[in-house]
Amino acid sequence: MDYTEQVKTFFNKIYSKSNKVIEVLLIGYFLFGIFLSFFYDTYFVGISVGLLNLTLYFSAKAFFKGSRINQYIASLVAGIFMAQFIYQMHGMFEMHFTAFIAIIALITYQNKYAFLPQLIFVLIHHSVFAYIQYIGVVNENEAYQQIYFTQLEYMDLTTFSFHVGLYGIGIVLAISYTHILENNTTQNAESIIKLREMEERMLDNIQFANNIAEGSYETAYEPNEDDKMGSALLNMRDNLKYSTEREGQEKFINVGIAEISEIIRKYSENLDDLSFNVISYLSKYLKVNQGGIFILMDDGEEKYLELKGCYAYNRKKFAEKRVAIGQGLVGQCYIEKSIIRLKEIPQDYISITSGLGESTPSNLIIVPIMNDQIIEGVMELASFRDFNEYEIEFLNKVSKSIAAIITSAKVNERTKVLYEQSREQAEIMKSQEEEMRQNMEELSATQEEMERKSSEFESRFNALNESGIGSIEFDITGTIIDANDSFCDLMKYSKEELKGYHHKIFVDPEYSKSKEYQKFWKDLANGIAYKGELVRYTKLGKLIHLYGTYKVLYDRSGKPNAVLKFVFDITPYVKGNESSQQKGKLADSVS
């Protein structure tokens, strides 16, 4: 069923229920008209117009099944009943309210157009009858006085406008609410339809899932484009199908490898027995018709391939069991180190013999027996059927195991050689270890001696510092590197104030610019030491007399790279001597 038609069925149910509401309303209006007849003796109007209205509605319902026409007829009939009640009650205001009751009932249709017939009728009726009554009052025409519309003597334009305006507002509100209900019903219907579709899909998916659970992977199933669950199940089915097939293939490979390994273990001592049993097993396991295994041999002069094992084998082209490297497909496979597959085999290359005679196989596969690019032989298998990819994968893996057992002897020989070499290397390493141990002991002793000397040097340096002798270190240009506490106390500087400054801060500015001062540092840079009395200035500008020694330090290459200076203060002695000399001169002058 079309999607629109499915939504329409929901509205048809609503219309069916709404018809019952409208029918109860219209029948109630008919009975109400008869009831009103008792007040003004309007039986004829109440019965005749009421029956006419009911006939009109039910006729439309019978003739227009599945259509909305009966809704519009019902709307019109409700308006006519209103006019009937107004007439029967000689323009009683309350009778106008029956139109609002009809509006409420019409809302159940959820069809905003169902209000139009009543709206049009009410507007025409009110306009015409109000005008007629107005004319009747103005002209005082008795005929017009029988037109009942309102209890007022006449209705002016303002009153009429309010009357119609309020009715119009009611219609607008009803239409708006009906529109909302219609949209909600449509949305609900669409949701229900989607839920039903989802339920149907779910049931289909469940059935499909059950088929998958039972292992039936060939069931045809086509989910909708928007059915994510169905698509997921389809993907799962395909994956499980692939996994099952792959599992079967891997089982085939693993079982074959395990059984071949057992054969290799059992016949590893004899190459002929090994070759025969391996090719016989492979021919039966792969259900091929014929097979042969060629092993690489070396007689000292040349290498060749020799047929060591065969199964139902009958080679026409090569009667001998020996194939030269590069000769034929077997020899070419050895050179190329890759599988050769043929589906068109020459008539005279190989044949399969049975009780029905001889025939040429349709498929031939030649596999190098190779492990880690080391080839030890070639297998040749012929069949009337094509080989599957997993069977070729199995042959590849099996060939590695066969090649490994063939090369094991060579590996054992190499192992022996390597063992001897490793034993000799172990002896060498042992002697080197002893030598290294001795070197470590000497290094340890040297380190201990260095630590001892470092401790002694530190003790001497501390003693020097405590003795009051100042020391200061310069680079080769005279820039201060470091100074001990005694020197700092003597010159009234802190270490931070000295580091990075030049020696000239201790001498007279004029002297620092002299050639003599420049020569002094040039001599030190050339390695010429100096000692003697010195005149220097402290940070406070006080002149002091020092006795000092400038010692040049050298780097590993023998080049001067620093100057170490030791000083002690002789200012008291110098001043004492000067005082003694002055006293002597004074005594001589007195005498």
# chains A, B, ... in the order shown; residues from 1 in each chain; ligands from 1
>>> residues_around(residues="region 567-576 of chain A", least_positions_apart="2", cutoff="6 Å", atoms="only C-alpha atoms", output="list in words")
Ile469, Gly470, Ile544, His545, Leu546, Tyr547, Gly548, Glu578 and Ser579 of chain A
>>> residues_around(residues="region 204-210 of chain A", least_positions_apart="6", cutoff="12 Å", atoms="only C-alpha atoms", output="list in words")
Glu197, Met198, Ser216, Tyr217, Glu218, Thr219, Ala220, Tyr221, Glu222, Pro223, Asn224, Asp227, Lys228, Met229, Gly230, Ser231, Ala232, Leu233, Leu234, Asn235, Met236, Arg237 and Leu240 of chain A
>>> residues_around(residues="Glu391 (chain A)", least_positions_apart="3", cutoff="12 Å", atoms="only C-alpha atoms", output="JSON, numbers by chain")
{"A": [246, 248, 249, 250, 251, 252, 253, 254, 256, 257, 282, 283, 285, 286, 287, 288, 365, 367, 381, 386, 387, 388, 394, 395, 396, 397, 398]}
>>> write_last_selection(atoms="N, CA and C atoms", output="mmCIF file, in the first residue's frame")
data_model
loop_
_atom_site.group_PDB
_atom_site.id
_atom_site.type_symbol
_atom_site.label_atom_id
_atom_site.label_comp_id
_atom_site.auth_asym_id
_atom_site.auth_seq_id
_atom_site.Cartn_x
_atom_site.Cartn_y
_atom_site.Cartn_z
ATOM 1 N N ARG A 246 36.753 -19.536 5.908
ATOM 2 C CA ARG A 246 38.166 -19.362 6.239
ATOM 3 C C ARG A 246 38.596 -20.309 7.353
ATOM 4 N N GLY A 248 37.314 -23.261 7.908
ATOM 5 C CA GLY A 248 37.473 -24.574 7.282
ATOM 6 C C GLY A 248 38.780 -24.671 6.526
ATOM 7 N N GLN A 249 39.119 -23.569 5.831
ATOM 8 C CA GLN A 249 40.373 -23.567 5.082
ATOM 9 C C GLN A 249 41.577 -23.625 6.013
ATOM 10 N N GLU A 250 41.507 -22.831 7.113
ATOM 11 C CA GLU A 250 42.620 -22.849 8.069
ATOM 12 C C GLU A 250 42.738 -24.215 8.742
ATOM 13 N N LYS A 251 41.574 -24.832 9.021
ATOM 14 C CA LYS A 251 41.607 -26.178 9.596
ATOM 15 C C LYS A 251 42.255 -27.145 8.622
ATOM 16 N N PHE A 252 41.888 -27.013 7.341
ATOM 17 C CA PHE A 252 42.492 -27.858 6.307
ATOM 18 C C PHE A 252 44.012 -27.676 6.294
ATOM 19 N N ILE A 253 44.439 -26.404 6.368
ATOM 20 C CA ILE A 253 45.880 -26.110 6.333
ATOM 21 C C ILE A 253 46.567 -26.635 7.590
ATOM 22 N N ASN A 254 45.979 -26.361 8.759
ATOM 23 C CA ASN A 254 46.621 -26.735 10.020
ATOM 24 C C ASN A 254 46.696 -28.245 10.191
ATOM 25 N N GLY A 256 46.675 -30.460 7.763
ATOM 26 C CA GLY A 256 47.653 -30.955 6.792
ATOM 27 C C GLY A 256 49.082 -30.727 7.259
ATOM 28 N N ILE A 257 49.344 -29.537 7.807
ATOM 29 C CA ILE A 257 50.701 -29.232 8.287
ATOM 30 C C ILE A 257 51.076 -30.147 9.448
ATOM 31 N N LEU A 282 50.432 -35.852 0.270
ATOM 32 C CA LEU A 282 49.928 -34.621 -0.356
ATOM 33 C C LEU A 282 48.976 -34.932 -1.498
ATOM 34 N N SER A 283 49.280 -35.946 -2.289
ATOM 35 C CA SER A 283 48.419 -36.301 -3.430
ATOM 36 C C SER A 283 47.052 -36.765 -2.948
ATOM 37 N N TYR A 285 45.743 -36.104 0.162
ATOM 38 C CA TYR A 285 45.089 -35.045 0.961
ATOM 39 C C TYR A 285 44.480 -33.963 0.065
ATOM 40 N N LEU A 286 45.188 -33.665 -1.033
ATOM 41 C CA LEU A 286 44.692 -32.647 -1.961
ATOM 42 C C LEU A 286 43.776 -33.236 -3.028
ATOM 43 N N LYS A 287 43.654 -34.574 -3.016
ATOM 44 C CA LYS A 287 42.809 -35.285 -3.981
ATOM 45 C C LYS A 287 43.220 -34.968 -5.417
ATOM 46 N N VAL A 288 44.543 -34.970 -5.620
ATOM 47 C CA VAL A 288 45.057 -34.806 -6.981
ATOM 48 C C VAL A 288 45.328 -36.192 -7.556
ATOM 49 N N ILE A 365 50.399 -27.766 -11.134
ATOM 50 C CA ILE A 365 51.027 -26.789 -10.260
ATOM 51 C C ILE A 365 52.396 -27.285 -9.849
ATOM 52 N N VAL A 367 55.602 -26.331 -7.356
ATOM 53 C CA VAL A 367 55.870 -25.526 -6.162
ATOM 54 C C VAL A 367 57.329 -25.684 -5.752
ATOM 55 N N LEU A 381 52.440 -31.349 -9.030
ATOM 56 C CA LEU A 381 51.149 -31.986 -8.790
ATOM 57 C C LEU A 381 50.230 -31.723 -9.979
ATOM 58 N N ASP A 386 40.753 -27.592 -10.801
ATOM 59 C CA ASP A 386 41.582 -26.431 -10.495
ATOM 60 C C ASP A 386 41.941 -26.429 -9.002
ATOM 61 N N PHE A 387 43.049 -25.814 -8.694
ATOM 62 C CA PHE A 387 43.498 -25.703 -7.298
ATOM 63 C C PHE A 387 42.936 -24.429 -6.671
ATOM 64 N N ASN A 388 42.433 -24.568 -5.443
ATOM 65 C CA ASN A 388 41.941 -23.405 -4.693
ATOM 66 C C ASN A 388 43.109 -22.614 -4.114
ATOM 67 N N PHE A 394 48.450 -23.725 1.472
ATOM 68 C CA PHE A 394 48.885 -24.913 2.211
ATOM 69 C C PHE A 394 50.189 -25.467 1.631
ATOM 70 N N LEU A 395 50.260 -25.548 0.314
ATOM 71 C CA LEU A 395 51.483 -26.054 -0.328
ATOM 72 C C LEU A 395 52.676 -25.152 -0.040
ATOM 73 N N ASN A 396 52.428 -23.851 -0.016
ATOM 74 C CA ASN A 396 53.514 -22.914 0.308
ATOM 75 C C ASN A 396 54.061 -23.176 1.703
ATOM 76 N N LYS A 397 53.154 -23.338 2.676
ATOM 77 C CA LYS A 397 53.588 -23.550 4.048
ATOM 78 C C LYS A 397 54.253 -24.910 4.220
ATOM 79 N N VAL A 398 53.687 -25.937 3.554
ATOM 80 C CA VAL A 398 54.256 -27.276 3.656
ATOM 81 C C VAL A 398 55.652 -27.312 3.054
#
>>> atom_distance(atom1="CA of Lys542 (chain A)", atom2="CA of Lys515 (chain A)")
24.1 Å
>>> select_by_dssp(residues="region 177-280 of chain A", states="alpha helix (DSSP H)", output="ChimeraX atom specification")
/A:177-213,228-266,271-280
>>> residues_around(residues="Lys539 (chain A)", least_positions_apart="6", cutoff="7 Å", atoms="only C-alpha atoms", output="list in words")
Met491, Lys492 and Tyr493 of chain A
>>> write_last_selection(atoms="N, CA and C atoms", output="CSV table (one decimal), in the first residue's frame")
chain,number,residue,atom,x,y,z
A,491,MET,N,91.5,43.0,50.6
A,491,MET,CA,91.2,44.1,49.6
A,491,MET,C,89.8,44.7,49.8
A,492,LYS,N,89.1,44.2,50.8
A,492,LYS,CA,87.7,44.7,51.1
A,492,LYS,C,86.7,44.5,50.0
A,493,TYR,N,86.9,43.5,49.2
A,493,TYR,CA,85.9,43.1,48.1
A,493,TYR,C,85.2,41.8,48.5
>>> closest_residue(among="A:Tyr517, A:Tyr40, A:Val164, A:Thr185", to="Phe10 (chain A)", atoms="only C-alpha atoms")
A:Thr185
>>> atom_distance(atom1="CA of Val49 (chain A)", atom2="CA of Met92 (chain A)")
18.3 Å
>>> closest_residue(among="A:Ala312, A:Val77, A:Met436, A:Ala114", to="Ala174 (chain A)", atoms="only C-alpha atoms")
A:Ala114
>>> atom_distance(atom1="CA of Glu380 (chain A)", atom2="CA of Gly331 (chain A)")
11.2 Å
>>> closest_residue(among="A:Lys337, A:Lys551, A:Lys284, A:His90", to="Asp475 (chain A)", atoms="only C-alpha atoms")
A:Lys551
>>> closest_residue(among="A:Arg536, A:Ile528, A:Phe162, A:Gly300", to="Lys504 (chain A)", atoms="only C-alpha atoms")
A:Arg536
